[in-house]
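J.: Sharing data.pdb here; it has PDB, C-alpha atoms and all ligand atoms.
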ATOM      1  CA  MET Q   1       0.000   0.000   0.000
ATOM      2  CA  ARG Q   2       1.203   3.441  -0.764
ATOM      3  CA  HIS Q   3       1.825   6.069   1.853
ATOM      4  CA  THR Q   4      -1.047   8.102   3.191
ATOM      5  CA  ASN Q   5      -0.758  11.679   4.249
ATOM      6  CA  PRO Q   6      -3.820  12.600   6.263
ATOM      7  CA  ASP Q   7      -2.218  15.491   8.077
ATOM      8  CA  ARG Q   8      -0.406  17.755   5.687
ATOM      9  CA  THR Q   9       1.446  20.975   6.278
ATOM     10  CA  ALA Q  10       2.268  23.494   3.594
ATOM     11  CA  TYR Q  11       5.623  25.192   3.505
ATOM     12  CA  THR Q  12       7.775  27.172   1.130
ATOM     13  CA  ASN Q  13      11.296  25.949   0.458
ATOM     14  CA  ALA Q  14      14.487  27.898  -0.115
ATOM     15  CA  THR Q  15      13.749  28.296  -3.829
ATOM     16  CA  GLY Q  16      10.348  29.762  -3.075
ATOM     17  CA  ALA Q  17       8.418  26.738  -4.318
ATOM     18  CA  ALA Q  18       5.392  25.681  -2.311
ATOM     19  CA  HIS Q  19       5.296  22.129  -1.000
ATOM     20  CA  VAL Q  20       3.202  20.019   1.322
ATOM     21  CA  LEU Q  21       4.602  17.724   3.966
ATOM     22  CA  SER Q  22       2.823  15.358   6.298
ATOM     23  CA  GLY Q  23       2.980  14.212   9.916
ATOM     24  CA  SER Q  24       6.407  14.052  11.535
ATOM     25  CA  ALA Q  25       8.051  15.188   8.313
ATOM     26  CA  ALA Q  26       6.225  18.467   8.632
ATOM     27  CA  SER Q  27       7.005  18.742  12.326
ATOM     28  CA  ALA Q  28      10.703  18.135  11.834
ATOM     29  CA  LEU Q  29      10.920  20.505   8.930
ATOM     30  CA  LEU Q  30       9.033  23.241  10.693
ATOM     31  CA  ALA Q  31      11.134  22.710  13.809
ATOM     32  CA  ALA Q  32      14.220  23.272  11.700
ATOM     33  CA  ASP Q  33      12.495  26.394  10.306
ATOM     34  CA  PRO Q  34      14.024  26.379   6.799
ATOM     35  CA  ARG Q  35      12.789  29.919   6.215
ATOM     36  CA  GLU Q  36      15.316  31.091   8.790
ATOM     37  CA  ARG Q  37      18.141  28.946   7.435
ATOM     38  CA  LYS Q  38      20.592  30.578   5.080
ATOM     39  CA  VAL Q  39      21.379  28.272   2.156
ATOM     40  CA  THR Q  40      24.557  29.155   0.339
ATOM     41  CA  ALA Q  41      24.894  28.630  -3.404
ATOM     42  CA  ALA Q  42      27.484  25.900  -2.745
ATOM     43  CA  GLN Q  43      25.169  24.074  -0.345
ATOM     44  CA  LYS Q  44      22.324  24.301  -2.829
ATOM     45  CA  GLU Q  45      24.546  22.957  -5.602
ATOM     46  CA  ALA Q  46      25.609  20.059  -3.343
ATOM     47  CA  ASN Q  47      21.950  19.062  -2.957
ATOM     48  CA  MET Q  48      21.268  18.887  -6.666
ATOM     49  CA  ALA Q  49      20.704  15.410  -8.104
ATOM     50  CA  ASP Q  50      21.170  14.349 -11.678
ATOM     51  CA  LEU Q  51      17.573  13.369 -12.507
ATOM     52  CA  LYS Q  52      16.143  11.254 -15.283
ATOM     53  CA  CYS Q  53      12.375  10.897 -15.466
ATOM     54  CA  ALA Q  54      10.522   8.324 -17.531
ATOM     55  CA  VAL Q  55       7.070   9.750 -16.735
ATOM     56  CA  GLU Q  56       6.297  11.099 -20.185
ATOM     57  CA  ASN Q  57       2.680  11.719 -19.154
ATOM     58  CA  CYS Q  58       3.731  14.482 -16.758
ATOM     59  CA  SER Q  59       3.401  18.087 -17.904
ATOM     60  CA  TYR Q  60       6.876  18.862 -16.593
ATOM     61  CA  ASN Q  61       8.590  16.103 -18.579
ATOM     62  CA  GLU Q  62      10.625  17.191 -21.537
ATOM     63  CA  GLN Q  63      12.686  14.469 -23.190
ATOM     64  CA  HIS Q  64      13.096  12.591 -19.915
ATOM     65  CA  LEU Q  65      14.238  15.707 -18.071
ATOM     66  CA  CYS Q  66      12.142  17.601 -15.528
ATOM     67  CA  SER Q  67      11.351  21.262 -16.096
ATOM     68  CA  LYS Q  68       9.770  21.927 -12.707
ATOM     69  CA  GLY Q  69      12.909  23.268 -11.057
ATOM     70  CA  ASP Q  70      12.494  21.259  -7.865
ATOM     71  CA  ILE Q  71      10.330  18.307  -6.921
ATOM     72  CA  MET Q  72       8.791  16.659  -3.886
ATOM     73  CA  VAL Q  73       9.116  12.890  -3.483
ATOM     74  CA  GLY Q  74       6.641  11.250  -1.115
ATOM     75  CA  GLY Q  75       6.743   8.027   0.856
ATOM     76  CA  GLN Q  76       7.251   8.686   4.545
ATOM     77  CA  LYS Q  77       6.888   5.007   5.435
ATOM     78  CA  ALA Q  78       8.321   3.658   2.191
ATOM     79  CA  CYS Q  79      10.441   0.527   2.438
ATOM     80  CA  CYS Q  80      10.759   0.022  -1.321
ATOM     81  CA  CYS Q  81      10.645   2.025  -4.553
ATOM     82  CA  GLY Q  82       6.979   1.204  -5.141
ATOM     83  CA  GLU Q  83       5.991   2.982  -1.941
ATOM     84  CA  THR Q  84       7.495   6.280  -3.057
ATOM     85  CA  CYS Q  85       6.103   8.691  -5.625
ATOM     86  CA  CYS Q  86       6.796  12.011  -7.283
ATOM     87  CA  GLU Q  87       4.214  14.249  -5.655
ATOM     88  CA  SER Q  88       5.022  17.004  -8.137
ATOM     89  CA  PHE Q  89       3.551  14.931 -10.962
ATOM     90  CA  THR Q  90       0.930  16.850 -12.930
ATOM     91  CA  GLN Q  91      -0.876  14.985 -15.653
ATOM     92  CA  ARG Q  92      -0.376  16.309 -19.156
ATOM     93  CA  ARG Q  93      -3.697  17.387 -20.602
ATOM     94  CA  GLU Q  94      -4.970  16.769 -24.097
ATOM     95  CA  GLY Q  95      -3.909  19.510 -26.456
ATOM     96  CA  THR Q  96      -1.144  20.800 -24.200
ATOM     97  CA  ASP Q  97       2.485  20.100 -24.742
ATOM     98  CA  SER Q  98       3.991  20.688 -21.331
ATOM     99  CA  PHE Q  99       4.425  23.534 -18.867
ATOM    100  CA  LYS Q 100       6.458  26.058 -20.777
ATOM    101  CA  SER Q 101       8.050  28.740 -18.695
ATOM    102  CA  SER Q 102      10.317  31.603 -19.502
ATOM    103  CA  VAL Q 103      12.209  31.064 -16.239
ATOM    104  CA  VAL Q 104      12.221  27.292 -15.714
ATOM    105  CA  HIS Q 105      13.681  25.012 -18.365
ATOM    106  CA  PRO Q 106      14.328  21.275 -18.349
ATOM    107  CA  SER Q 107      17.476  20.670 -16.384
ATOM    108  CA  LYS Q 108      19.735  17.661 -15.836
ATOM    109  CA  THR Q 109      20.071  18.497 -12.164
ATOM    110  CA  ILE Q 110      17.308  19.247  -9.722
ATOM    111  CA  SER Q 111      16.708  19.924  -6.041
ATOM    112  CA  ILE Q 112      14.637  17.160  -4.414
ATOM    113  CA  ASP Q 113      12.739  17.426  -1.158
ATOM    114  CA  CYS Q 114      11.914  13.902  -0.024
ATOM    115  CA  GLU Q 115       9.745  12.379   2.680
ATOM    116  CA  ALA Q 116      11.196   8.875   2.276
ATOM    117  CA  VAL Q 117      13.306   8.980   5.430
ATOM    118  CA  LYS Q 118      14.114   5.263   5.247
ATOM    119  CA  CYS Q 119      16.109   5.819   2.060
ATOM    120  CA  MET Q 120      19.890   5.871   2.472
ATOM    121  CA  TYR Q 121      20.112   9.004   0.325
ATOM    122  CA  ASN Q 122      17.725  10.972   2.526
ATOM    123  CA  SER Q 123      19.205  13.438   4.958
ATOM    124  CA  ASN Q 124      16.981  15.926   6.736
ATOM    125  CA  TYR Q 125      14.260  15.485   4.087
ATOM    126  CA  LYS Q 126      16.629  16.336   1.230
ATOM    127  CA  CYS Q 127      17.874  13.892  -1.394
ATOM    128  CA  HIS Q 128      21.654  13.578  -1.562
ATOM    129  CA  ALA Q 129      21.897  10.954  -4.305
ATOM    130  CA  ASP Q 130      24.104  11.837  -7.267
ATOM    131  CA  HIS Q 131      21.586  10.378  -9.685
ATOM    132  CA  VAL Q 132      17.838   9.780  -9.337
ATOM    133  CA  ASP Q 133      15.545   7.849 -11.658
ATOM    134  CA  ILE Q 134      11.810   8.562 -11.539
ATOM    135  CA  LYS Q 135       9.684   5.869 -13.162
ATOM    136  CA  GLY Q 136       5.989   5.644 -13.994
ATOM    137  CA  CYS Q 137       5.254   5.268 -17.666
ATOM    138  CA  GLY Q 138       1.557   5.979 -18.314
ATOM    139  CA  ALA Q 139       0.892   7.382 -14.833
ATOM    140  CA  CYS Q 140      -2.466   9.104 -14.373
ATOM    141  CA  ASP Q 141      -1.648  10.486 -10.935
ATOM    142  CA  CYS Q 142       1.361  10.670  -8.640
ATOM    143  CA  ARG Q 143       0.625   7.207  -7.225
ATOM    144  CA  GLY Q 144       1.593   5.797 -10.598
ATOM    145  CA  THR Q 145       5.113   7.195 -10.225
ATOM    146  CA  GLU Q 146       8.021   6.075  -8.068
ATOM    147  CA  CYS Q 147      11.620   6.859  -7.232
ATOM    148  CA  ALA Q 148      13.516   3.895  -8.651
ATOM    149  CA  THR Q 149      16.681   5.019  -6.841
ATOM    150  CA  PHE Q 150      15.201   4.411  -3.361
ATOM    151  CA  THR Q 151      17.530   2.177  -1.349
ATOM    152  CA  GLU Q 152      16.551   1.186   2.165
ATOM    153  CA  LYS Q 153      18.999   2.196   4.913
TER     154      LYS Q 153
HETATM  155  S1  LIG V 201       6.982  13.106 -12.696
HETATM  156 FE1  LIG V 201       8.082  14.441 -11.259
HETATM  157  S2  LIG V 201      10.242  14.336 -11.886
HETATM  158 FE2  LIG V 201       8.993  13.551 -13.594
HETATM  159  S3  LIG V 201       8.699  15.344 -14.935
HETATM  160 FE3  LIG V 201       6.921  15.202 -13.532
HETATM  161  S4  LIG V 201       7.435  16.559 -11.800
HETATM  162 FE4  LIG V 201       9.352  16.131 -12.917
HETATM  163  S1  LIG V 202      16.846   8.445  -3.869
HETATM  164 FE1  LIG V 202      15.906   8.275  -1.835
HETATM  165  S2  LIG V 202      16.160  10.326  -0.907
HETATM  166 FE2  LIG V 202      16.445  10.526  -3.144
HETATM  167  S3  LIG V 202      14.415  11.082  -3.935
HETATM  168 FE3  LIG V 202      14.610   8.857  -4.117
HETATM  169  S4  LIG V 202      13.673   8.062  -2.204
HETATM  170 FE4  LIG V 202      14.107  10.241  -1.876
END
Before anything else, please render the file you have as structure tokens.

T.:
Amino acid sequence: MRHTNPDRTAYTNATGAAHVLSGSAASALLAADPRERKVTAAQKEANMADLKCAVENCSYNEQHLCSKGDIMVGGQKACCCGETCCESFTQRREGTDSFKSSVVHPSKTISIDCEAVKCMYNSNYKCHADHVDIKGCGACDCRGTECATFTEK
């Protein structure tokens, strides 16, 4: 069964993007108060993962790269890849190509906030993997996606 997030808390990360966290993830993050934390350019760069995404049905997907700028991976209780998901997934609609933005372009590297605390690459709800694969060909919602790089601690 996939993770459930009955008690969600909204927050804004260092890049200004809005996200939603649940339960203890939210508590820990809010306790750390990221809005107060100064993130240097070098620290931000160190948290960037090389991302490849196979979810062609997502509006942000452009040639297996993600154009969102940063993503949120869910799966607070995940013990395997199938229990994680890309919560930033947004289904591509008929007649639309993808989200085109003058400021955000598809990028090889991306900042990933991640709830999957049982993953060895997760530190303080950030992903520190060098490379991340998101899978979910034909997904209709985020539950059809997963982080294939998840590795249990
Ligand atoms: S599924 Fe996630 S990683 Fe893939 S393109 Fe969409 S937002 Fe980006
Ligand atoms: S590799 Fe682990 S920490 Fe990184 S996004 Fe995937 S599940 Fe989260």

J.: For Cys80 in chain Q, which of Q:Val55, Q:Val117, Q:Cys66, Q:Met48 is the closest residue, counting only C-alpha atoms?

T.: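 Nearest to Cys80 in chain Q: Q:Val117.
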
J.: Draw an axis-aligned box tight on the listed atoms of ligand LIG 201 (chain V), then pad every side by 6 Å and write out centre and edge lengths in Å to one decimal as lines of an AutoDock Vina configuration file.

T.:
center_x = 8.6
center_y = 14.8
center_z = -13.1
size_x = 15.3
size_y = 15.5
size_z = 15.7

J.: So which residues are near ligand LIG 201 (chain V), meaning at most 9 Å away with only C-alpha atoms and all ligand atoms counted, given back as a PyMOL selection string?

T.: chain Q and resi 51-62+64-73+85-91+106+110+133-136+139+142+145-147

J.: Selection from above, C-alpha atoms, as a compact mmCIF listing (two decimals), in the frame of the given file, can you write it?

T.:
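Once written, result.txt looks like this:
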# COMPACT_ATOMS: atom_id res chain seq x y z
CA LEU Q 51 17.57 13.37 -12.51
CA LYS Q 52 16.14 11.25 -15.28
CA CYS Q 53 12.38 10.90 -15.47
CA ALA Q 54 10.52 8.32 -17.53
CA VAL Q 55 7.07 9.75 -16.74
CA GLU Q 56 6.30 11.10 -20.18
CA ASN Q 57 2.68 11.72 -19.15
CA CYS Q 58 3.73 14.48 -16.76
CA SER Q 59 3.40 18.09 -17.90
CA TYR Q 60 6.88 18.86 -16.59
CA ASN Q 61 8.59 16.10 -18.58
CA GLU Q 62 10.62 17.19 -21.54
CA HIS Q 64 13.10 12.59 -19.92
CA LEU Q 65 14.24 15.71 -18.07
CA CYS Q 66 12.14 17.60 -15.53
CA SER Q 67 11.35 21.26 -16.10
CA LYS Q 68 9.77 21.93 -12.71
CA GLY Q 69 12.91 23.27 -11.06
CA ASP Q 70 12.49 21.26 -7.86
CA ILE Q 71 10.33 18.31 -6.92
CA MET Q 72 8.79 16.66 -3.89
CA VAL Q 73 9.12 12.89 -3.48
CA CYS Q 85 6.10 8.69 -5.62
CA CYS Q 86 6.80 12.01 -7.28
CA GLU Q 87 4.21 14.25 -5.66
CA SER Q 88 5.02 17.00 -8.14
CA PHE Q 89 3.55 14.93 -10.96
CA THR Q 90 0.93 16.85 -12.93
CA GLN Q 91 -0.88 14.98 -15.65
CA PRO Q 106 14.33 21.28 -18.35
CA ILE Q 110 17.31 19.25 -9.72
CA ASP Q 133 15.54 7.85 -11.66
CA ILE Q 134 11.81 8.56 -11.54
CA LYS Q 135 9.68 5.87 -13.16
CA GLY Q 136 5.99 5.64 -13.99
CA ALA Q 139 0.89 7.38 -14.83
CA CYS Q 142 1.36 10.67 -8.64
CA THR Q 145 5.11 7.20 -10.22
CA GLU Q 146 8.02 6.08 -8.07
CA CYS Q 147 11.62 6.86 -7.23

J.: Residues up to 9 Å from ligand LIG 202 (chain V), counting only C-alpha atoms and all ligand atoms: could you list those as a PDB file with C-alpha atoms, in the coordinates of the input?

T.:
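Resulting contents of part-v5.pdb:
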ATOM      1  CA  ALA Q  49      20.704  15.410  -8.104  1.00  0.00           C
ATOM      2  CA  ILE Q  71      10.330  18.307  -6.921  1.00  0.00           C
ATOM      3  CA  MET Q  72       8.791  16.659  -3.886  1.00  0.00           C
ATOM      4  CA  VAL Q  73       9.116  12.890  -3.483  1.00  0.00           C
ATOM      5  CA  GLY Q  74       6.641  11.250  -1.115  1.00  0.00           C
ATOM      6  CA  GLY Q  75       6.743   8.027   0.856  1.00  0.00           C
ATOM      7  CA  ALA Q  78       8.321   3.658   2.191  1.00  0.00           C
ATOM      8  CA  CYS Q  80      10.759   0.022  -1.321  1.00  0.00           C
ATOM      9  CA  CYS Q  81      10.645   2.025  -4.553  1.00  0.00           C
ATOM     10  CA  THR Q  84       7.495   6.280  -3.057  1.00  0.00           C
ATOM     11  CA  CYS Q  85       6.103   8.691  -5.625  1.00  0.00           C
ATOM     12  CA  CYS Q  86       6.796  12.011  -7.283  1.00  0.00           C
ATOM     13  CA  ILE Q 112      14.637  17.160  -4.414  1.00  0.00           C
ATOM     14  CA  ASP Q 113      12.739  17.426  -1.158  1.00  0.00           C
ATOM     15  CA  CYS Q 114      11.914  13.902  -0.024  1.00  0.00           C
ATOM     16  CA  GLU Q 115       9.745  12.379   2.680  1.00  0.00           C
ATOM     17  CA  ALA Q 116      11.196   8.875   2.276  1.00  0.00           C
ATOM     18  CA  VAL Q 117      13.306   8.980   5.430  1.00  0.00           C
ATOM     19  CA  LYS Q 118      14.114   5.263   5.247  1.00  0.00           C
ATOM     20  CA  CYS Q 119      16.109   5.819   2.060  1.00  0.00           C
ATOM     21  CA  MET Q 120      19.890   5.871   2.472  1.00  0.00           C
ATOM     22  CA  TYR Q 121      20.112   9.004   0.325  1.00  0.00           C
ATOM     23  CA  ASN Q 122      17.725  10.972   2.526  1.00  0.00           C
ATOM     24  CA  SER Q 123      19.205  13.438   4.958  1.00  0.00           C
ATOM     25  CA  TYR Q 125      14.260  15.485   4.087  1.00  0.00           C
ATOM     26  CA  LYS Q 126      16.629  16.336   1.230  1.00  0.00           C
ATOM     27  CA  CYS Q 127      17.874  13.892  -1.394  1.00  0.00           C
ATOM     28  CA  HIS Q 128      21.654  13.578  -1.562  1.00  0.00           C
ATOM     29  CA  ALA Q 129      21.897  10.954  -4.305  1.00  0.00           C
ATOM     30  CA  ASP Q 130      24.104  11.837  -7.267  1.00  0.00           C
ATOM     31  CA  HIS Q 131      21.586  10.378  -9.685  1.00  0.00           C
ATOM     32  CA  VAL Q 132      17.838   9.780  -9.337  1.00  0.00           C
ATOM     33  CA  ASP Q 133      15.545   7.849 -11.658  1.00  0.00           C
ATOM     34  CA  ILE Q 134      11.810   8.562 -11.539  1.00  0.00           C
ATOM     35  CA  GLU Q 146       8.021   6.075  -8.068  1.00  0.00           C
ATOM     36  CA  CYS Q 147      11.620   6.859  -7.232  1.00  0.00           C
ATOM     37  CA  ALA Q 148      13.516   3.895  -8.651  1.00  0.00           C
ATOM     38  CA  THR Q 149      16.681   5.019  -6.841  1.00  0.00           C
ATOM     39  CA  PHE Q 150      15.201   4.411  -3.361  1.00  0.00           C
ATOM     40  CA  THR Q 151      17.530   2.177  -1.349  1.00  0.00           C
ATOM     41  CA  GLU Q 152      16.551   1.186   2.165  1.00  0.00           C
TER      42      GLU Q 152
END

J.: So the first atom is CA of Cys79 in chain Q and the second is CA of Thr109 in chain Q; what is the distance between them in Å, to one decimal place?

T.: 25.1 Å

J.: Record the distance separating CA of Gly82 in chain Q and CA of Ser107 in chain Q, expressed in Å with one decimal.

T.: 24.8 Å

J.: Expressed in Å to a single decimal, how great is the separation between CA of Gly138 in chain Q and CA of Lys153 in chain Q?

T.: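 Pair CA of Gly138 in chain Q / CA of Lys153 in chain Q returns 29.3 Å.
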
J.: Under the rule that all atoms listed in the file are counted, which of Q:Cys137, Q:Glu94, Q:Gly144, Q:Ser111 is the nearest residue to Asn47 in chain Q?

T.: Q:Ser111
